[in-house]
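Undergrad: My structure file data-v5.txt, compact mmCIF, C-alpha atoms, is below:
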```
# COMPACT_ATOMS: atom_id res chain seq x y z
CA MET A 144 -14.31 8.03 105.16
CA ALA A 145 -14.76 9.26 101.58
CA LYS A 146 -13.92 12.89 100.82
CA PRO A 147 -16.60 15.36 99.69
CA LEU A 148 -16.94 15.35 95.90
CA VAL A 149 -17.37 18.28 93.52
CA ALA A 150 -18.39 17.59 89.90
CA ILE A 151 -17.30 19.91 87.08
CA VAL A 152 -19.80 19.78 84.22
CA GLY A 153 -20.83 21.73 81.14
CA ARG A 154 -21.11 21.52 77.38
CA PRO A 155 -17.99 20.63 75.33
CA ASN A 156 -15.02 22.99 74.98
CA VAL A 157 -15.81 25.49 77.73
CA GLY A 158 -12.60 24.75 79.68
CA LYS A 159 -13.72 22.13 82.23
CA SER A 160 -10.47 20.14 82.06
CA MET A 161 -8.36 23.31 82.23
CA LEU A 162 -10.23 24.39 85.37
CA PHE A 163 -9.92 20.87 86.83
CA ASN A 164 -6.14 20.92 86.30
CA LYS A 165 -5.86 24.40 87.81
CA LEU A 166 -7.81 23.44 90.95
CA THR A 167 -5.97 20.14 91.48
CA GLY A 168 -2.57 21.64 90.70
CA ARG A 169 -1.74 18.77 88.33
CA ARG A 170 -2.04 18.24 84.58
CA THR A 171 -4.26 15.20 85.05
CA SER A 172 -6.84 15.78 82.32
CA ILE A 173 -5.76 16.15 78.71
CA VAL A 174 -6.43 19.71 77.51
CA GLU A 175 -6.82 20.26 73.78
CA ASP A 176 -8.87 22.78 71.77
CA THR A 177 -11.09 20.01 70.42
CA PRO A 178 -14.58 19.10 71.67
CA GLY A 179 -14.93 15.64 73.25
CA VAL A 180 -11.34 15.14 74.42
CA THR A 181 -12.46 14.13 77.94
CA ARG A 182 -14.71 11.07 77.87
CA ASP A 183 -14.59 9.30 81.23
CA ARG A 184 -14.82 10.68 84.75
CA ILE A 185 -11.39 11.95 85.85
CA TYR A 186 -10.84 12.27 89.61
CA GLY A 187 -8.33 14.40 91.48
CA ASP A 188 -7.79 15.95 94.91
CA CYS A 189 -8.02 19.66 95.61
CA GLU A 190 -6.62 21.24 98.79
CA TRP A 191 -8.02 24.55 100.02
CA CYS A 192 -7.76 26.10 103.50
CA ASN A 193 -6.01 22.93 104.78
CA LYS A 194 -8.98 20.80 103.69
CA THR A 195 -8.80 18.22 100.92
CA PHE A 196 -11.79 17.25 98.81
CA ALA A 197 -12.25 15.39 95.52
CA LEU A 198 -12.99 16.87 92.11
CA VAL A 199 -14.37 14.97 89.15
CA ASP A 200 -13.91 16.20 85.58
CA THR A 201 -16.60 15.00 83.17
CA GLY A 202 -17.01 14.88 79.42
CA GLY A 203 -18.94 17.61 77.65
CA ILE A 204 -22.71 17.11 77.81
CA GLU A 205 -24.42 17.19 74.40
CA PRO A 206 -28.19 17.11 74.97
CA GLY A 207 -30.20 15.27 72.32
CA THR A 208 -27.21 13.67 70.57
CA ASP A 209 -27.48 10.54 68.40
CA SER A 210 -23.79 9.60 68.67
CA ASP A 211 -23.15 6.47 70.76
CA MET A 212 -19.86 7.89 72.12
CA LEU A 213 -21.49 11.17 73.13
CA LYS A 214 -24.28 9.20 74.82
CA PHE A 215 -21.65 7.25 76.77
CA MET A 216 -19.97 10.54 77.73
CA ARG A 217 -23.28 12.03 78.87
CA ARG A 218 -23.98 8.96 81.02
CA GLN A 219 -20.55 9.30 82.65
CA ALA A 220 -21.31 12.96 83.41
CA GLU A 221 -24.71 12.01 84.87
CA ILE A 222 -23.05 9.46 87.18
CA GLY A 223 -20.59 12.16 88.31
CA ILE A 224 -23.52 14.47 89.09
CA GLU A 225 -25.33 11.74 91.05
CA LEU A 226 -22.27 11.05 93.21
CA ALA A 227 -21.32 14.70 93.83
CA ASP A 228 -22.06 16.76 96.93
CA CYS A 229 -22.09 19.95 94.86
CA ILE A 230 -21.61 20.90 91.20
CA ILE A 231 -19.65 23.51 89.25
CA MET A 232 -21.18 24.25 85.86
CA VAL A 233 -18.69 25.84 83.48
CA VAL A 234 -19.68 28.21 80.65
CA ASP A 235 -17.62 30.23 78.16
CA VAL A 236 -17.90 34.03 78.31
CA ARG A 237 -16.36 34.39 74.84
CA THR A 238 -18.98 32.35 73.00
CA GLY A 239 -21.80 33.57 75.21
CA MET A 240 -24.82 31.59 76.34
CA THR A 241 -25.91 28.79 74.01
CA ALA A 242 -28.91 26.47 73.78
CA ALA A 243 -26.71 23.64 75.10
CA ASP A 244 -25.88 25.75 78.19
CA VAL A 245 -29.62 26.23 78.81
CA ASP A 246 -30.26 22.48 78.53
CA VAL A 247 -27.39 21.61 80.91
CA ALA A 248 -28.53 24.22 83.46
CA THR A 249 -32.10 22.89 83.30
CA MET A 250 -30.81 19.35 83.98
CA LEU A 251 -28.72 20.57 86.94
CA ARG A 252 -31.54 22.54 88.55
CA LYS A 253 -33.59 19.32 88.63
CA CYS A 254 -30.87 17.27 90.35
CA GLY A 255 -31.41 18.92 93.75
CA LYS A 256 -27.68 19.52 94.39
CA PRO A 257 -26.04 22.92 95.11
CA VAL A 258 -24.81 24.37 91.80
CA ALA A 259 -22.33 27.17 91.14
CA LEU A 260 -21.89 28.77 87.72
CA ALA A 261 -18.24 29.34 86.73
CA VAL A 262 -18.11 31.81 83.85
CA ASN A 263 -14.75 30.83 82.38
CA LYS A 264 -12.23 32.70 80.22
CA CYS A 265 -12.62 35.98 82.12
CA ASP A 266 -8.87 36.38 81.77
CA SER A 267 -8.56 40.12 82.43
CA VAL A 268 -8.70 41.74 85.87
CA GLY A 269 -10.63 44.87 86.73
CA PRO A 270 -14.30 45.74 86.16
CA VAL A 271 -16.81 42.95 85.63
CA ASN A 272 -17.08 41.83 82.03
CA PRO A 273 -20.60 42.93 80.95
CA ASP A 274 -20.98 39.72 78.94
CA VAL A 275 -21.19 37.85 82.24
CA TYR A 276 -24.64 39.19 83.14
CA GLU A 277 -26.52 37.24 80.45
CA PHE A 278 -25.64 33.98 82.24
CA TYR A 279 -27.86 34.94 85.20
CA SER A 280 -30.79 33.96 82.97
CA LEU A 281 -29.73 30.30 83.43
CA GLY A 282 -31.34 30.48 86.87
CA ILE A 283 -28.19 29.69 88.92
CA ALA A 284 -27.74 32.29 91.64
CA ASP A 285 -24.12 31.55 92.68
CA LEU A 286 -22.13 32.94 89.75
CA PHE A 287 -18.32 33.37 89.67
CA GLU A 288 -16.06 34.96 87.09
CA VAL A 289 -13.05 32.67 86.69
CA SER A 290 -10.01 32.17 84.49
CA ALA A 291 -8.92 28.55 84.29
CA ILE A 292 -5.66 29.64 82.64
CA HIS A 293 -4.61 32.29 85.17
CA GLY A 294 -6.57 31.17 88.24
CA HIS A 295 -8.54 34.41 88.67
CA GLY A 296 -11.67 33.93 90.77
CA THR A 297 -10.93 30.32 91.72
CA GLY A 298 -10.44 31.23 95.40
CA ASP A 299 -14.03 32.48 95.75
CA LEU A 300 -15.24 29.38 93.89
CA LEU A 301 -13.38 27.07 96.29
CA ASP A 302 -14.71 29.00 99.30
CA TRP A 303 -18.21 28.31 97.97
CA CYS A 304 -17.41 24.59 97.69
CA LEU A 305 -16.29 24.41 101.35
CA GLU A 306 -19.51 26.12 102.44
CA GLN A 307 -21.56 23.37 100.76
CA PHE A 308 -19.84 20.62 102.77
CA GLY A 309 -21.38 21.87 106.03
CA ASP A 310 -20.14 20.04 109.16
CA PHE A 311 -18.18 17.36 107.32
CA GLN A 312 -15.64 15.70 109.64
CA TRP A 313 -12.24 15.95 107.93
CA GLU A 314 -9.77 13.13 108.48
CA GLU A 315 -6.09 12.68 107.74
CA GLU A 316 -5.02 11.04 104.48
CA GLU A 317 -4.48 7.28 104.51
CA SER A 318 -1.07 6.07 103.34
CA ASP A 319 -1.77 2.33 103.08
CA VAL A 320 -3.40 2.53 99.64
CA ILE A 321 -1.73 0.46 96.88
CA LYS A 322 -1.71 2.23 93.50
CA VAL A 323 -2.34 -0.29 90.70
CA ALA A 324 -1.89 0.75 87.05
CA ILE A 325 -3.69 -1.29 84.38
CA VAL A 326 -1.60 -1.10 81.19
CA GLY A 327 -1.56 -2.75 77.78
CA LYS A 328 -2.14 -2.20 74.09
CA PRO A 329 -5.58 -1.04 72.82
CA ASN A 330 -8.61 -3.34 73.14
CA VAL A 331 -7.16 -5.89 75.58
CA GLY A 332 -9.89 -5.17 78.14
CA LYS A 333 -8.32 -2.67 80.56
CA SER A 334 -11.51 -0.65 81.08
CA SER A 335 -13.62 -3.81 81.23
CA LEU A 336 -11.40 -5.17 84.00
CA LEU A 337 -11.67 -1.93 85.99
CA ASN A 338 -15.47 -1.90 85.66
CA ARG A 339 -15.59 -5.56 86.73
CA ILE A 340 -13.47 -4.86 89.82
CA LEU A 341 -15.48 -1.80 90.83
CA GLY A 342 -18.85 -3.36 90.03
CA GLU A 343 -19.99 -0.26 88.15
CA GLU A 344 -19.74 1.43 84.76
CA ARG A 345 -16.79 3.56 85.87
CA VAL A 346 -15.24 4.01 82.42
CA ILE A 347 -16.56 3.77 78.88
CA VAL A 348 -16.07 0.36 77.25
CA SER A 349 -16.18 0.16 73.47
CA ASN A 350 -14.71 -1.94 70.67
CA ILE A 351 -13.36 1.29 69.21
CA ALA A 352 -9.60 1.42 69.89
CA GLY A 353 -8.57 4.56 71.77
CA THR A 354 -11.82 5.02 73.72
CA THR A 355 -9.91 5.68 76.96
CA ARG A 356 -7.66 8.75 76.73
CA ASP A 357 -6.80 9.86 80.24
CA ALA A 358 -5.25 7.92 83.12
CA ILE A 359 -8.29 7.40 85.36
CA ASP A 360 -7.96 6.84 89.13
CA SER A 361 -10.58 4.82 91.00
CA ASP A 362 -10.49 4.02 94.72
CA PHE A 363 -11.54 0.55 95.84
CA GLU A 364 -11.52 -1.31 99.13
CA ASN A 365 -12.26 -4.91 100.08
CA GLU A 366 -11.22 -7.40 102.74
CA THR A 367 -7.69 -7.67 101.28
CA GLY A 368 -6.87 -3.94 101.48
CA LYS A 369 -7.26 -0.48 99.94
CA TYR A 370 -6.41 0.22 96.32
CA CYS A 371 -6.31 3.00 93.77
CA PHE A 372 -6.75 1.48 90.32
CA ILE A 373 -5.44 3.54 87.39
CA ASP A 374 -7.01 2.73 84.02
CA THR A 375 -4.75 3.90 81.19
CA ALA A 376 -5.04 4.47 77.46
CA GLY A 377 -3.94 1.64 75.20
CA MET A 378 -0.45 2.28 73.83
CA ARG A 379 0.14 1.73 70.12
CA ARG A 380 3.45 1.71 68.29
CA LYS A 381 4.96 5.17 67.88
CA SER A 382 4.88 4.85 64.10
CA LYS A 383 1.07 4.57 64.26
CA VAL A 384 0.54 7.51 66.61
CA ASP A 385 -0.07 10.67 64.59
CA ASP A 386 -2.84 12.21 66.69
CA LEU A 387 -1.80 14.83 69.26
CA ILE A 388 -4.41 13.64 71.77
CA GLU A 389 -3.11 10.07 71.53
CA LYS A 390 0.44 11.33 72.16
CA TYR A 391 -0.83 13.00 75.32
CA SER A 392 -2.57 9.74 76.28
CA ASN A 393 0.67 7.79 75.93
CA MET A 394 2.44 10.34 78.13
CA ARG A 395 -0.30 9.91 80.77
CA THR A 396 0.16 6.12 80.62
CA ILE A 397 3.93 6.40 81.16
CA SER A 398 3.27 8.80 84.05
CA ALA A 399 0.76 6.33 85.53
CA ILE A 400 3.39 3.58 85.46
CA GLU A 401 5.84 5.88 87.27
CA ARG A 402 3.45 6.67 90.12
CA ALA A 403 2.03 3.14 90.49
CA ASP A 404 3.12 0.60 93.08
CA VAL A 405 1.95 -2.41 91.06
CA CYS A 406 1.33 -2.74 87.31
CA LEU A 407 -1.13 -5.16 85.73
CA ILE A 408 0.16 -5.90 82.21
CA LEU A 409 -2.88 -7.04 80.23
CA ILE A 410 -2.40 -9.45 77.31
CA ASP A 411 -5.09 -10.75 74.97
CA ALA A 412 -5.36 -14.54 75.38
CA ASN A 413 -6.14 -14.93 71.67
CA ASP A 414 -3.24 -12.80 70.42
CA GLY A 415 -0.57 -13.97 72.85
CA VAL A 416 2.50 -11.79 73.49
CA THR A 417 2.97 -9.30 70.66
CA GLU A 418 5.87 -6.94 69.97
CA GLN A 419 3.91 -4.05 71.47
CA ASP A 420 3.23 -6.09 74.63
CA THR A 421 6.97 -6.57 75.11
CA LYS A 422 7.57 -2.82 74.78
CA ILE A 423 4.88 -1.94 77.33
CA ALA A 424 6.12 -4.62 79.74
CA GLY A 425 9.64 -3.23 79.23
CA LEU A 426 8.48 0.18 80.48
CA VAL A 427 7.16 -1.47 83.66
CA HIS A 428 10.35 -3.49 84.11
CA GLU A 429 12.64 -0.48 83.62
CA ALA A 430 10.56 1.54 86.09
CA GLY A 431 11.23 -1.15 88.71
CA LYS A 432 7.56 -1.76 89.47
CA ALA A 433 6.03 -4.90 90.91
CA ALA A 434 4.28 -6.56 87.99
CA ILE A 435 1.56 -9.10 87.28
CA ILE A 436 1.02 -10.46 83.76
CA VAL A 437 -2.75 -10.71 83.29
CA VAL A 438 -3.92 -12.88 80.39
CA ASN A 439 -7.43 -11.54 79.73
CA LYS A 440 -10.31 -12.92 77.58
CA TRP A 441 -9.58 -16.47 78.74
CA ASP A 442 -13.28 -17.23 78.24
CA ALA A 443 -12.84 -16.59 74.48
CA VAL A 444 -10.16 -19.26 74.04
CA GLU A 445 -11.77 -22.23 72.32
CA ASP A 446 -10.95 -25.95 72.55
CA LYS A 447 -9.25 -25.68 75.96
CA GLU A 448 -7.66 -28.91 77.14
CA THR A 449 -5.87 -30.06 80.31
CA ASN A 450 -2.53 -28.45 79.39
CA THR A 451 -3.84 -25.39 77.53
CA MET A 452 -3.20 -22.97 80.39
CA ARG A 453 0.25 -24.41 81.10
CA ASP A 454 1.23 -24.17 77.42
CA LYS A 455 -0.10 -20.62 77.18
CA GLU A 456 1.84 -19.59 80.29
CA ALA A 457 5.02 -21.09 78.80
CA ALA A 458 4.43 -19.05 75.63
CA VAL A 459 3.91 -15.88 77.69
CA ARG A 460 7.09 -16.57 79.68
CA ASP A 461 8.98 -17.08 76.44
CA GLY A 462 7.67 -13.80 74.98
CA LEU A 463 8.51 -11.84 78.15
CA SER A 464 11.71 -13.68 79.04
CA TYR A 465 13.14 -10.69 80.93
CA MET A 466 10.19 -10.77 83.37
CA THR A 467 10.44 -14.33 84.67
CA TYR A 468 9.77 -12.97 88.16
CA ALA A 469 6.27 -11.73 87.33
CA PRO A 470 3.36 -14.07 88.19
CA VAL A 471 0.88 -14.90 85.40
CA VAL A 472 -2.87 -14.75 86.09
CA PHE A 473 -5.51 -16.00 83.63
CA LEU A 474 -8.92 -14.35 83.89
CA SER A 475 -11.93 -12.97 82.06
CA ALA A 476 -13.00 -9.39 82.71
CA LEU A 477 -16.21 -10.10 80.78
CA THR A 478 -17.42 -12.98 82.97
CA GLY A 479 -15.48 -12.15 86.13
CA GLN A 480 -13.69 -15.52 86.10
CA ARG A 481 -10.68 -15.47 88.51
CA VAL A 482 -10.80 -11.65 88.90
CA ASP A 483 -11.10 -12.05 92.67
CA LYS A 484 -7.76 -13.90 92.72
CA LEU A 485 -5.97 -10.72 91.60
CA PHE A 486 -6.09 -9.01 94.98
CA ASN A 487 -4.00 -11.53 96.90
CA VAL A 488 -1.43 -11.54 94.10
CA ILE A 489 -1.31 -7.72 94.16
CA GLN A 490 -0.71 -7.79 97.91
CA ASP A 491 2.06 -10.39 97.52
CA VAL A 492 4.02 -8.61 94.79
CA HIS A 493 3.66 -5.23 96.54
CA LYS A 494 5.01 -6.72 99.76
CA GLN A 495 8.00 -8.10 97.87
CA ASN A 496 8.62 -4.82 96.03
CA THR A 497 8.71 -2.88 99.31
CA SER A 498 10.52 -5.50 101.42
CA ARG A 499 13.71 -4.62 103.28
CA ILE A 500 16.25 -7.27 104.26
CA THR A 501 18.79 -6.83 107.03
CA THR A 502 22.49 -6.70 106.15
CA GLY A 503 23.16 -9.68 108.42
CA ALA A 504 20.62 -11.88 106.63
CA LEU A 505 21.95 -10.82 103.22
CA ASN A 506 25.54 -11.62 104.09
CA SER A 507 24.55 -14.99 105.51
CA VAL A 508 23.01 -15.87 102.13
CA LEU A 509 26.05 -14.40 100.36
CA ALA A 510 28.45 -16.58 102.38
CA ASP A 511 26.44 -19.69 101.65
CA ALA A 512 26.17 -18.89 97.93
CA THR A 513 29.91 -18.20 97.48
CA ALA A 514 30.77 -21.39 99.37
CA ARG A 515 28.64 -23.45 97.00
CA VAL A 516 29.81 -21.73 93.80
CA GLN A 517 33.22 -20.09 93.95
CA PRO A 518 33.52 -16.54 92.55
CA PRO A 519 35.11 -16.41 89.06
CA THR A 520 38.81 -15.81 88.31
CA ASP A 521 40.51 -14.03 85.43
CA LYS A 522 44.21 -14.46 84.57
CA GLY A 523 44.93 -15.91 88.00
CA ARG A 524 43.11 -13.13 89.90
CA ARG A 525 40.03 -14.19 91.87
CA LEU A 526 36.98 -12.09 92.60
CA LYS A 527 36.65 -11.36 96.32
CA ILE A 528 33.25 -10.31 97.64
CA TYR A 529 33.43 -8.40 100.92
CA TYR A 530 29.80 -7.80 101.85
CA MET A 531 26.33 -6.90 100.58
CA THR A 532 23.72 -4.45 101.81
CA GLN A 533 20.32 -3.19 100.69
CA ALA A 534 20.31 0.43 99.51
CA SER A 535 16.60 1.00 98.86
CA THR A 536 13.20 -0.50 98.08
CA LYS A 537 10.69 -0.16 95.20
CA PRO A 538 12.36 -2.20 93.77
CA PRO A 539 14.78 -3.89 96.21
CA HIS A 540 18.23 -2.52 95.37
CA PHE A 541 21.32 -4.33 96.65
CA VAL A 542 24.91 -3.11 96.63
CA ILE A 543 27.76 -5.65 96.60
CA PHE A 544 31.31 -4.57 97.47
CA CYS A 545 34.22 -6.50 95.95
CA ASN A 546 37.94 -6.18 95.16
CA ASP A 547 37.53 -5.59 91.39
CA ALA A 548 34.21 -4.93 89.62
CA ARG A 549 35.71 -6.09 86.30
CA LEU A 550 35.97 -9.65 87.67
CA PHE A 551 32.25 -9.70 88.56
CA HIS A 552 30.88 -11.60 85.56
CA PHE A 553 27.23 -11.07 84.65
CA SER A 554 26.47 -14.78 85.03
CA TYR A 555 27.71 -14.77 88.63
CA GLN A 556 25.65 -11.66 89.36
CA ARG A 557 22.59 -13.48 88.01
CA TYR A 558 23.43 -16.49 90.21
CA LEU A 559 23.51 -14.30 93.34
CA GLU A 560 20.26 -12.60 92.32
CA ASN A 561 18.56 -15.99 91.98
CA GLN A 562 19.84 -17.00 95.44
CA ILE A 563 18.39 -13.81 96.95
CA ARG A 564 15.05 -14.37 95.22
CA GLU A 565 14.86 -17.99 96.33
CA VAL A 566 15.72 -17.38 99.99
CA PHE A 567 13.70 -14.18 100.55
CA GLY A 568 10.79 -14.92 98.20
CA LEU A 569 11.25 -11.96 95.86
CA GLU A 570 9.27 -13.58 93.04
CA GLY A 571 7.05 -10.68 91.93
CA THR A 572 9.42 -7.74 91.70
CA PRO A 573 12.48 -6.68 89.75
CA VAL A 574 15.75 -6.71 91.68
CA ARG A 575 18.53 -4.17 91.14
CA ILE A 576 22.15 -5.04 91.96
CA THR A 577 25.01 -2.53 91.91
CA ILE A 578 28.63 -3.70 92.02
CA ARG A 579 31.18 -1.49 93.75
CA GLN A 580 34.86 -2.20 94.21
CA LYS A 581 37.17 -1.40 97.09
CA GLY A 582 37.64 2.34 97.45
CA ASP A 583 34.15 3.30 96.24
CA LYS A 584 32.02 5.16 98.76
CA GLU A 585 28.77 3.65 99.93
CA GLU A 586 25.79 5.91 99.23
```
Output the file's structure as structure tokens, nothing else.
TA:
Amino acid sequence: MAKPLVAIVGRPNVGKSMLFNKLTGRRTSIVEDTPGVTRDRIYGDCEWCNKTFALVDTGGIEPGTDSDMLKFMRRQAEIGIELADCIIMVVDVRTGMTAADVDVATMLRKCGKPVALAVNKCDSVGPVNPDVYEFYSLGIADLFEVSAIHGHGTGDLLDWCLEQFGDFQWEEEESDVIKVAIVGKPNVGKSSLLNRILGEERVIVSNIAGTTRDAIDSDFENETGKYCFIDTAGMRRKSKVDDLIEKYSNMRTISAIERADVCLILIDANDGVTEQDTKIAGLVHEAGKAAIIVVNKWDAVEDKETNTMRDKEAAVRDGLSYMTYAPVVFLSALTGQRVDKLFNVIQDVHKQNTSRITTGALNSVLADATARVQPPTDKGRRLKIYYMTQASTKPPHFVIFCNDARLFHFSYQRYLENQIREVFGLEGTPVRITIRQKGDKEE
């Protein structure tokens, strides 16, 4: 069952994202003293009185704007309002009531949802700030003085939210959700793919590079399982990043990779594997995440022949030679071609990334492998391998004990890794192998 949803709305630069981060207890939304930083709907969970509900941070609403981007942002905010059970409108006590505040309040009163007014930046404690009283003229009865920086007044605001949920039946959190991060350089179609999967305009799609700024979580469920898709900002080369907001976006993308179970590495079918693609894929590989290489915009490739896909896959494999384990999927987010095939592949690579193999099965494979190819020798001294065990998952991490780690040549380690992959089907996940010699303690 979906959690109750609270939308945080208001005009730009009143502190919506700061309040969202304070209530969720995480720095999910980028906070910067610049109007229009938040563009898409950003979701997060808030726990209060042992009850967990969802919050959605929205972009600043600019009534009557002619800017296409601001229109997109307003539409995202309107969708958040439509989906919400109740709404928190945020205003700024320092700047006072503005015409934009009046327009936003008028829009909210018409929506028919319970609305609370959070008068933000009341950072001092003590008597009520007299500047607060003018906001009663907005026609919203439930008014709260809050400080998004210090947390003052947020308890009363959260109590109000719980009251609006009525007799909602709270259930325990589900742990079988696969977190899937969609990563890649700018303009490869990450947001388009997310919208195609969800079947709705969840995030803003534009040809302007850098449209997506935050890491945006979206829950999705179908017959194959439950997922949380994380749309991330496109990562450019460091030398080209001079904007503070973009630096924050890159940090959010790296954080999204860290908390994901599976990463979809999007590549433009027309561009092929670029230097920046290899760097982004390297982050996924080093993090030990299950990975799928998604070649998007396949519909835009002209003059396709019988072997075009095979040749393109070979070129992708060559460009990402350190990720030979990752499956390659060709699709089109624009037309939806082959998008439905992603889910089974996600399930497969996640299963491999979390798989645990018994010590007995591992050592049986080890005995067979060493019998077929003898361990190497150096100056008359032969490598002796005693046994192997699995230390952890995500990714599968194996520890091999031997007589002398210096004799364990990299090529022989790669040979054993390939044997493990072949026997146990670990074709969609990195594999970590640690070599320990006699006398080392097993962790």
Undergrad: Of the candidates A:Cys265, A:Asp483, A:Asp235, A:Arg499, which shows the shortest atom-to-atom distance to Asn365 (chain A), using all atoms listed in the file?
TA: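 Closest residue, counting all atoms listed in the file: A:Asp483.
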Undergrad: Would you list the contacts of region 513-520 of chain A as a list in words, taking every protein, DNA or RNA residue within 7 Å and counting all atoms listed in the file, but skipping same-chain residues closer than 5 positions in sequence?
TA: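 Listed by chain and then number, they are Arg525, Leu526 and Leu550 of chain A.
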Undergrad: For the residues in that selection, give me C-alpha atoms as a PDB file, in the frame of the given file.
TA:
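Ended up saving to part_18.pdb:
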```
ATOM      1  CA  ARG A 525      40.030 -14.190  91.870  1.00  0.00           C
ATOM      2  CA  LEU A 526      36.980 -12.090  92.600  1.00  0.00           C
ATOM      3  CA  LEU A 550      35.970  -9.650  87.670  1.00  0.00           C
TER       4      LEU A 550
END
```
Undergrad: Could you list, as a ChimeraX atom specification, every residue within 9 Å of Asp547 (chain A), counting only C-alpha atoms and ignoring same-chain residues fewer than 2 positions away?
TA: /A:525-528,544-545,549-551,579-581
Undergrad: Considering all atoms listed in the file, state which residue in the set A:Asp310, A:Asp274, A:Asp319, A:Asp246 is at the smallest distance from Pro147 (chain A).
TA: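 Among the listed residues, A:Asp310 lies closest to Pro147 (chain A).
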Undergrad: What lies within 7 Å of Phe541 (chain A) using all atoms listed in the file, ignoring chain neighbours under 6 positions off, as a list of chain:residue names?
TA: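 Once the adjacent positions are removed, what remains is A:Met531, A:Thr532, A:Gln533, A:Ala534, A:Arg575, A:Ile576, A:Thr577.
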Undergrad: For the atom pair CA of Val482 (chain A) and CA of Glu364 (chain A), what is the interatomic distance in Å to one decimal place?
TA: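 Interatomic distance here is 14.6 Å.
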Undergrad: To one decimal place, how far is CA of Lys494 (chain A) from CA of Arg339 (chain A) in Å?
TA: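 Between these atoms lies a distance of 24.4 Å.
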Undergrad: Distance cut-off 10 Å, centre (-11.3, -13.9, 86.4) in file coordinates, counting all atoms listed in the file: which residues qualify? Return them as a list in words.
TA: Leu336, Arg339, Ile340, Val437, Val438, Asn439, Lys440, Trp441, Asp442, Val472, Phe473, Leu474, Ser475, Ala476, Leu477, Thr478, Gly479, Gln480, Arg481, Val482, Asp483, Lys484 and Leu485 of chain A
Undergrad: Between A:Val331, A:Cys371, A:Phe553, A:Ile489, single out the one closest to Val416 (chain A), counting only C-alpha atoms.
TA: A:Val331
